[in-house]
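File shown: input-v6.cif. Contents: mmCIF, C-alpha atoms.
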data_query
loop_
_atom_site.label_atom_id
_atom_site.label_comp_id
_atom_site.auth_asym_id
_atom_site.auth_seq_id
_atom_site.Cartn_x
_atom_site.Cartn_y
_atom_site.Cartn_z
CA ASN A 22 -17.53 -9.03 -2.45
CA ALA A 23 -16.24 -6.39 -4.86
CA GLY A 24 -14.16 -4.35 -2.38
CA VAL A 25 -12.09 -1.82 -4.34
CA THR A 26 -12.50 -1.88 -8.11
CA GLN A 27 -10.24 -0.03 -10.52
CA THR A 28 -10.91 0.65 -14.18
CA PRO A 29 -9.31 0.27 -16.61
CA LYS A 30 -6.79 -2.47 -15.82
CA PHE A 31 -4.42 -1.54 -18.65
CA ARG A 32 -4.01 1.50 -20.83
CA VAL A 33 -1.48 2.84 -23.30
CA LEU A 34 -1.40 6.58 -23.97
CA LYS A 35 0.60 8.90 -26.13
CA THR A 36 2.45 11.84 -24.59
CA GLY A 37 0.10 14.76 -24.12
CA GLN A 38 -3.11 12.73 -24.04
CA SER A 39 -5.44 12.91 -21.08
CA MET A 40 -7.30 10.21 -19.23
CA THR A 41 -9.13 9.42 -16.01
CA LEU A 42 -8.68 6.38 -13.80
CA LEU A 43 -11.72 5.35 -11.82
CA CYS A 44 -11.75 3.81 -8.37
CA ALA A 45 -14.93 2.52 -6.76
CA GLN A 46 -15.38 1.00 -3.31
CA ASP A 47 -18.46 -0.62 -1.82
CA MET A 48 -17.39 -0.71 1.82
CA ASN A 49 -18.67 2.73 2.77
CA HIS A 50 -15.14 3.85 3.57
CA GLU A 51 -14.54 7.52 4.26
CA TYR A 52 -10.89 7.64 3.20
CA MET A 53 -9.63 6.94 -0.28
CA TYR A 54 -6.10 7.07 -1.72
CA TRP A 55 -4.24 6.96 -5.00
CA TYR A 56 -0.70 5.53 -5.11
CA ARG A 57 1.79 4.85 -7.83
CA GLN A 58 4.15 1.89 -7.74
CA ASP A 59 7.48 2.04 -9.54
CA PRO A 60 10.33 -0.50 -9.50
CA GLY A 61 12.57 -0.01 -6.49
CA MET A 62 10.41 2.82 -5.14
CA GLY A 63 7.64 1.06 -3.27
CA LEU A 64 4.29 2.81 -3.22
CA ARG A 65 4.11 6.59 -3.17
CA LEU A 66 0.99 8.53 -2.28
CA ILE A 67 -0.28 10.83 -5.04
CA HIS A 68 -3.49 12.28 -3.59
CA TYR A 69 -5.98 11.25 -0.97
CA SER A 70 -9.44 12.12 0.28
CA VAL A 71 -10.87 12.04 3.78
CA GLY A 72 -14.45 12.38 2.65
CA GLU A 73 -16.85 13.24 -0.13
CA GLY A 74 -15.96 16.58 -1.69
CA THR A 75 -12.50 16.77 -0.11
CA THR A 76 -9.07 16.03 -1.56
CA ALA A 77 -5.49 16.61 -0.47
CA LYS A 78 -2.00 16.27 -1.92
CA GLY A 79 0.24 13.38 -1.10
CA GLU A 80 3.93 12.85 -1.69
CA VAL A 81 3.97 13.07 -5.52
CA PRO A 82 0.93 15.10 -6.66
CA ASP A 83 2.40 17.00 -9.62
CA GLY A 84 0.79 16.20 -12.96
CA TYR A 85 -2.31 14.64 -11.40
CA ASN A 86 -5.70 15.86 -10.32
CA VAL A 87 -8.40 14.08 -8.35
CA SER A 88 -12.07 14.40 -7.54
CA ARG A 89 -14.35 12.81 -4.96
CA LEU A 90 -17.85 13.81 -5.98
CA LYS A 91 -19.40 10.68 -4.49
CA LYS A 92 -18.28 8.85 -1.37
CA GLN A 93 -17.78 5.57 -3.21
CA ASN A 94 -15.75 6.96 -6.13
CA PHE A 95 -12.31 8.54 -6.37
CA LEU A 96 -11.09 9.67 -9.78
CA LEU A 97 -7.48 10.25 -10.77
CA GLY A 98 -6.87 12.44 -13.81
CA LEU A 99 -3.86 12.99 -16.00
CA GLU A 100 -4.38 16.18 -17.97
CA SER A 101 -1.32 15.87 -20.21
CA ALA A 102 0.37 12.49 -19.86
CA ALA A 103 4.16 12.27 -19.75
CA PRO A 104 6.44 9.22 -20.06
CA SER A 105 7.47 9.74 -16.40
CA GLN A 106 3.91 8.84 -15.45
CA THR A 107 4.31 5.31 -16.76
CA SER A 108 3.57 3.27 -13.67
CA VAL A 109 1.15 0.95 -11.92
CA TYR A 110 -1.52 2.91 -10.09
CA PHE A 111 -3.27 1.57 -7.02
CA CYS A 112 -6.35 2.87 -5.31
CA ALA A 113 -7.06 2.11 -1.67
CA SER A 114 -9.77 2.88 0.86
CA SER A 115 -10.25 2.69 4.60
CA TYR A 116 -12.53 3.72 7.44
CA SER A 117 -11.89 7.03 9.11
CA ILE A 118 -10.33 7.29 12.55
CA ARG A 119 -13.68 8.32 13.97
CA THR A 120 -15.52 5.36 12.49
CA SER A 121 -13.07 2.61 13.31
CA SER A 122 -9.49 3.01 14.43
CA ASN A 123 -6.64 0.66 13.53
CA GLN A 124 -8.31 -0.65 10.39
CA PRO A 125 -6.18 -1.40 7.33
CA GLN A 126 -6.36 0.07 3.88
CA HIS A 127 -7.96 -2.13 1.23
CA PHE A 128 -6.37 -2.06 -2.21
CA GLY A 129 -7.60 -2.52 -5.74
CA ASP A 130 -5.78 -4.73 -8.25
CA GLY A 131 -4.10 -1.80 -9.98
CA THR A 132 -4.07 -0.05 -13.34
CA ARG A 133 -1.01 -0.53 -15.51
CA LEU A 134 -0.46 2.67 -17.48
CA SER A 135 2.14 3.14 -20.22
CA ILE A 136 2.87 6.53 -21.74
CA LEU A 137 4.67 6.45 -25.08
CA GLY B 19 10.06 12.72 9.02
CA ASN B 20 8.41 9.35 8.67
CA SER B 21 10.15 6.61 6.73
CA VAL B 22 10.44 2.85 6.41
CA THR B 23 13.58 0.96 5.47
CA GLN B 24 13.29 -2.68 4.60
CA MET B 25 15.71 -5.34 3.50
CA GLU B 26 16.50 -5.15 -0.17
CA GLY B 27 15.80 -8.18 -2.23
CA PRO B 28 15.36 -10.24 -4.07
CA VAL B 29 15.35 -13.08 -1.58
CA THR B 30 15.41 -16.64 -2.87
CA LEU B 31 14.78 -19.58 -0.55
CA SER B 32 14.08 -23.25 -0.78
CA GLU B 33 10.79 -24.63 0.44
CA GLU B 34 10.65 -25.12 4.24
CA ALA B 35 13.48 -22.64 4.85
CA PHE B 36 13.28 -19.96 7.54
CA LEU B 37 12.42 -16.45 6.40
CA THR B 38 13.35 -13.10 7.88
CA ILE B 39 12.70 -9.78 6.17
CA ASN B 40 14.05 -6.86 8.15
CA CYS B 41 12.11 -3.63 8.56
CA THR B 42 13.04 -0.55 10.56
CA TYR B 43 11.21 2.73 10.77
CA THR B 44 11.55 6.37 11.69
CA ALA B 45 8.46 8.13 12.94
CA THR B 46 7.21 10.80 15.26
CA GLY B 47 4.98 9.42 17.95
CA TYR B 48 3.85 5.80 18.02
CA PRO B 49 2.68 4.63 14.63
CA SER B 50 0.82 1.45 13.81
CA LEU B 51 2.90 -0.98 11.76
CA PHE B 52 1.84 -3.27 8.94
CA TRP B 53 3.09 -5.92 6.58
CA TYR B 54 1.35 -6.10 3.23
CA VAL B 55 1.84 -8.81 0.59
CA GLN B 56 1.48 -8.43 -3.16
CA TYR B 57 1.06 -11.56 -5.26
CA PRO B 58 1.88 -11.33 -8.98
CA GLY B 59 -0.64 -9.26 -10.89
CA GLU B 60 -2.62 -8.32 -7.80
CA GLY B 61 -3.00 -5.43 -5.40
CA LEU B 62 -1.67 -5.32 -1.87
CA GLN B 63 -3.28 -7.39 0.85
CA LEU B 64 -2.85 -6.90 4.55
CA LEU B 65 -0.76 -9.72 5.99
CA LEU B 66 -0.50 -8.64 9.63
CA LYS B 67 -0.40 -5.58 11.84
CA ALA B 68 0.63 -4.32 15.27
CA THR B 69 -0.64 -1.17 16.89
CA LYS B 70 1.56 -0.72 19.96
CA ALA B 71 4.95 -1.65 21.37
CA ASP B 72 5.52 -5.37 22.03
CA ASP B 73 2.42 -6.35 20.06
CA LYS B 74 2.93 -9.39 17.86
CA GLY B 75 1.02 -9.61 14.62
CA SER B 76 0.56 -13.03 13.06
CA ASN B 77 -1.21 -14.56 10.08
CA LYS B 78 -0.68 -17.58 7.79
CA GLY B 79 2.42 -18.62 9.75
CA PHE B 80 4.03 -15.19 9.46
CA GLU B 81 4.88 -13.17 12.56
CA ALA B 82 6.26 -9.73 13.35
CA THR B 83 6.81 -8.03 16.71
CA TYR B 84 6.64 -4.27 17.23
CA ARG B 85 9.95 -3.37 18.88
CA LYS B 86 9.96 0.25 19.99
CA GLU B 87 13.46 0.11 21.45
CA THR B 88 14.97 -0.89 18.11
CA THR B 89 12.24 0.75 15.95
CA SER B 90 11.85 -2.52 14.09
CA PHE B 91 9.10 -4.78 12.79
CA HIS B 92 10.87 -7.76 11.21
CA LEU B 93 8.79 -10.33 9.35
CA GLU B 94 9.47 -14.01 10.04
CA LYS B 95 8.16 -17.38 8.99
CA GLY B 96 9.49 -20.68 10.17
CA SER B 97 8.89 -22.72 7.02
CA VAL B 98 8.12 -21.02 3.72
CA GLN B 99 6.13 -22.53 0.89
CA VAL B 100 6.21 -21.97 -2.85
CA SER B 101 2.87 -20.16 -2.50
CA ASP B 102 4.58 -17.52 -0.31
CA SER B 103 6.42 -16.17 -3.37
CA ALA B 104 5.39 -12.52 -3.54
CA VAL B 105 6.53 -8.99 -2.80
CA TYR B 106 6.33 -7.97 0.86
CA PHE B 107 5.92 -4.37 1.98
CA CYS B 108 6.48 -2.99 5.45
CA ALA B 109 4.46 0.14 6.23
CA LEU B 110 3.71 2.53 9.06
CA ARG B 111 0.57 4.52 9.53
CA VAL B 112 0.71 8.08 10.70
CA THR B 113 -2.17 10.22 11.80
CA GLN B 114 -1.90 13.90 10.93
CA GLY B 115 -4.52 16.57 11.13
CA GLY B 116 -7.41 14.14 11.38
CA SER B 117 -6.35 12.02 8.42
CA GLU B 118 -4.27 8.87 8.10
CA LYS B 119 -1.51 7.99 5.69
CA LEU B 120 0.57 4.90 5.06
CA VAL B 121 4.29 5.20 4.44
CA PHE B 122 5.70 2.17 2.64
CA GLY B 123 9.09 0.60 2.37
CA LYS B 124 10.37 -0.23 -1.10
CA GLY B 125 9.29 -3.85 -0.98
CA THR B 126 11.16 -7.14 -0.84
CA LYS B 127 10.60 -9.76 -3.49
CA LEU B 128 10.58 -13.31 -2.18
CA THR B 129 10.91 -16.35 -4.42
CA VAL B 130 10.51 -19.81 -2.91
CA ASN B 131 11.74 -22.75 -4.97
CA PRO B 132 10.42 -26.31 -4.58
#
Render the structure in this file as structure tokens.
Amino acid sequence: NAGVTQTPKFRVLKTGQSMTLLCAQDMNHEYMYWYRQDPGMGLRLIHYSVGEGTTAKGEVPDGYNVSRLKKQNFLLGLESAAPSQTSVYFCASSYSIRTSSNQPQHFGDGTRLSIL
Amino acid sequence: GNSVTQMEGPVTLSEEAFLTINCTYTATGYPSLFWYVQYPGEGLQLLLKATKADDKGSNKGFEATYRKETTSFHLEKGSVQVSDSAVYFCALRVTQGGSEKLVFGKGTKLTVNP
């Protein structure tokens, strides 16, 4: 049971470099989310998607872009990495309200990203 | 707006001690409430949930009751084990414009010593 898979697990970047984090889920979930986790801040929502081809901004979207070209994948991009983006990034997925209400979000194991 | 305030940690207990982690929330409407647990090096896992007032969620010896009158969802366990050492997050789910979002508290780190 793969669930939610994030790649890579670790990455170190230099300021100004770009990269893409990949999230894949095999549960046929409609909704997908990207969060960042920082010490003392809990999890904050970056972007989310309610279905293939749709994306929306969360609480802290600046400096990030996302794409949902396939239902099972949700990509998070950093166009020009900054030290303030050093964090642990979590992807999550869930069923839509219409499919199944009151279902929880399922989380990946995270990507630890350091920007030097 | 929607927000979650939970007890700041870290919390350190001895094995078999009683655990309470306080959580209060502010929300419009009647959100569903969750406790998630994060073990070292892992993602978040759902621990328990409650979807309406007076519901009690329970799992693995943990319990929390949805109290609308006090807007609280405190996590309790009667006898903690070393394996319960983790970070615990309280969260509420809001539905807006046909989509759902989770709003998390800042997390409470629990360490249980043998």
Next on the checklist: Using only C-alpha atoms and a distance of at most 6 Å, pull out the residues of chain B that contact chain A, as number ranges by chain.
Outcome noted: B: 60-62, 123-125
Export, as a JSON list (two decimals), in the coordinates of the input, the selected residues with C-alpha atoms.
[["chain", "number", "residue", "atom", "x", "y", "z"],
["B", 60, "GLU", "CA", -2.62, -8.32, -7.80],
["B", 61, "GLY", "CA", -3.00, -5.43, -5.40],
["B", 62, "LEU", "CA", -1.67, -5.32, -1.87],
["B", 123, "GLY", "CA", 9.09, 0.60, 2.37],
["B", 124, "LYS", "CA", 10.37, -0.23, -1.10],
["B", 125, "GLY", "CA", 9.29, -3.85, -0.98]]
Item to check | the PyMOL selection byres ((chain B and resi 39) around 9) resolved against shown file, as an NGL selection string | outcome: :B and (24-26 or 29 or 37-38 or 40-41 or 92-94 or 106 or 126)
Checklist entry - So what do you get for atom CA of B:Trp53 versus atom CA of A:Gln27, distance-wise? => result 22.5 Å
Checklist entry - Could you pull the residues within 7 Å of stretch 86-90 of chain A, counting only C-alpha atoms, minus those fewer than 5 positions along the same chain, as a list in words? => result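 In the requested format, the answer is Glu73, Gly74, Thr75, Thr76, Phe95, Leu96, Leu97, Gly98 and Leu99 of chain A.
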Checklist entry - Nearest to B:Phe52 among B:Lys86, B:Lys74, B:Lys127, B:Lys95, with distances taken over all atoms listed in the file: which residue is it? => result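 Nearest candidate to B:Phe52 out of B:Lys86, B:Lys74, B:Lys127, B:Lys95: B:Lys74.
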Checklist entry - Mind telling me what the PyMOL selection byres ((chain B and resi 88) around 12) catches here, as a ChimeraX atom specification? => result /B:40-44,71-72,83-87,89-92
Checklist entry - What's the 7 Å shell around A:Ala103, counting only C-alpha atoms, without same-chain residues fewer than 5 positions away, as a VMD selection string? => result chain A and resid 36 to 37 136
Item to check | Given the PyMOL selection byres ((chain B and resi 31) around 6), the residues it picks as a VMD selection string | outcome: chain B and resid 30 32 130
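Relative to atom CA of B:Tyr48, atom CA of A:Tyr56 is found at 23.6 Å.
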Checklist entry - Counting only C-alpha atoms, what is within 9 Å of B:Asn20, bar same-chain residues fewer than 2 positions away, as a PyMOL selection string? => result chain B and resi 22+43-46+110+112+121
Dump as a tab-separated table (two decimals), keeping the file's coordinate frame, selection limited to C-alpha atoms:
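Result file selection11.tsv:
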chain	number	residue	atom	x	y	z
B	22	VAL	CA	10.44	2.85	6.41
B	43	TYR	CA	11.21	2.73	10.77
B	44	THR	CA	11.55	6.37	11.69
B	45	ALA	CA	8.46	8.13	12.94
B	46	THR	CA	7.21	10.80	15.26
B	110	LEU	CA	3.71	2.53	9.06
B	112	VAL	CA	0.71	8.08	10.70
B	121	VAL	CA	4.29	5.20	4.44
Checklist entry - How far is it from atom CA of B:Gln63 to atom CA of A:Ala102, in Å with one decimal? => result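 A separation of 28.9 Å between them.
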Item to check | Polymer residues at most 9 Å from A:Leu137, all atoms listed in the file, same-chain spacing of 5 or more positions, as a ChimeraX atom specification | outcome: /A:33-36,103-104,107
Restricting the output to C-alpha atoms, write the selected residues as a PDB file, in the coordinates of the input.
ATOM      1  CA  VAL A  33      -1.480   2.840 -23.300  1.00  0.00           C
ATOM      2  CA  LEU A  34      -1.400   6.580 -23.970  1.00  0.00           C
ATOM      3  CA  LYS A  35       0.600   8.900 -26.130  1.00  0.00           C
ATOM      4  CA  THR A  36       2.450  11.840 -24.590  1.00  0.00           C
ATOM      5  CA  ALA A 103       4.160  12.270 -19.750  1.00  0.00           C
ATOM      6  CA  PRO A 104       6.440   9.220 -20.060  1.00  0.00           C
ATOM      7  CA  THR A 107       4.310   5.310 -16.760  1.00  0.00           C
TER       8      THR A 107
END
With 4 Å on each side, where is the centre of the axis-aligned box around all listed atoms of stretch 65-77 of chain B, and how long are its edges in Å to one decimal, as lines of an AutoDock Vina configuration file?
center_x = 2.2
center_y = -7.6
center_z = 14.0
size_x = 14.7
size_y = 21.8
size_z = 24.0
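Remark: for B:Gly47, the closest of the candidate residues B:Gly27, B:Gln99, B:Lys70, B:Ser117 is B:Lys70 (distances computed over only C-alpha atoms).
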Item to check | Top pick for closest residue to A:Glu100, considering A:Leu134, A:Met40, A:Ala45, A:Met53 and counting all atoms listed in the file | outcome: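 Result for the nearest residue to A:Glu100: A:Met40.
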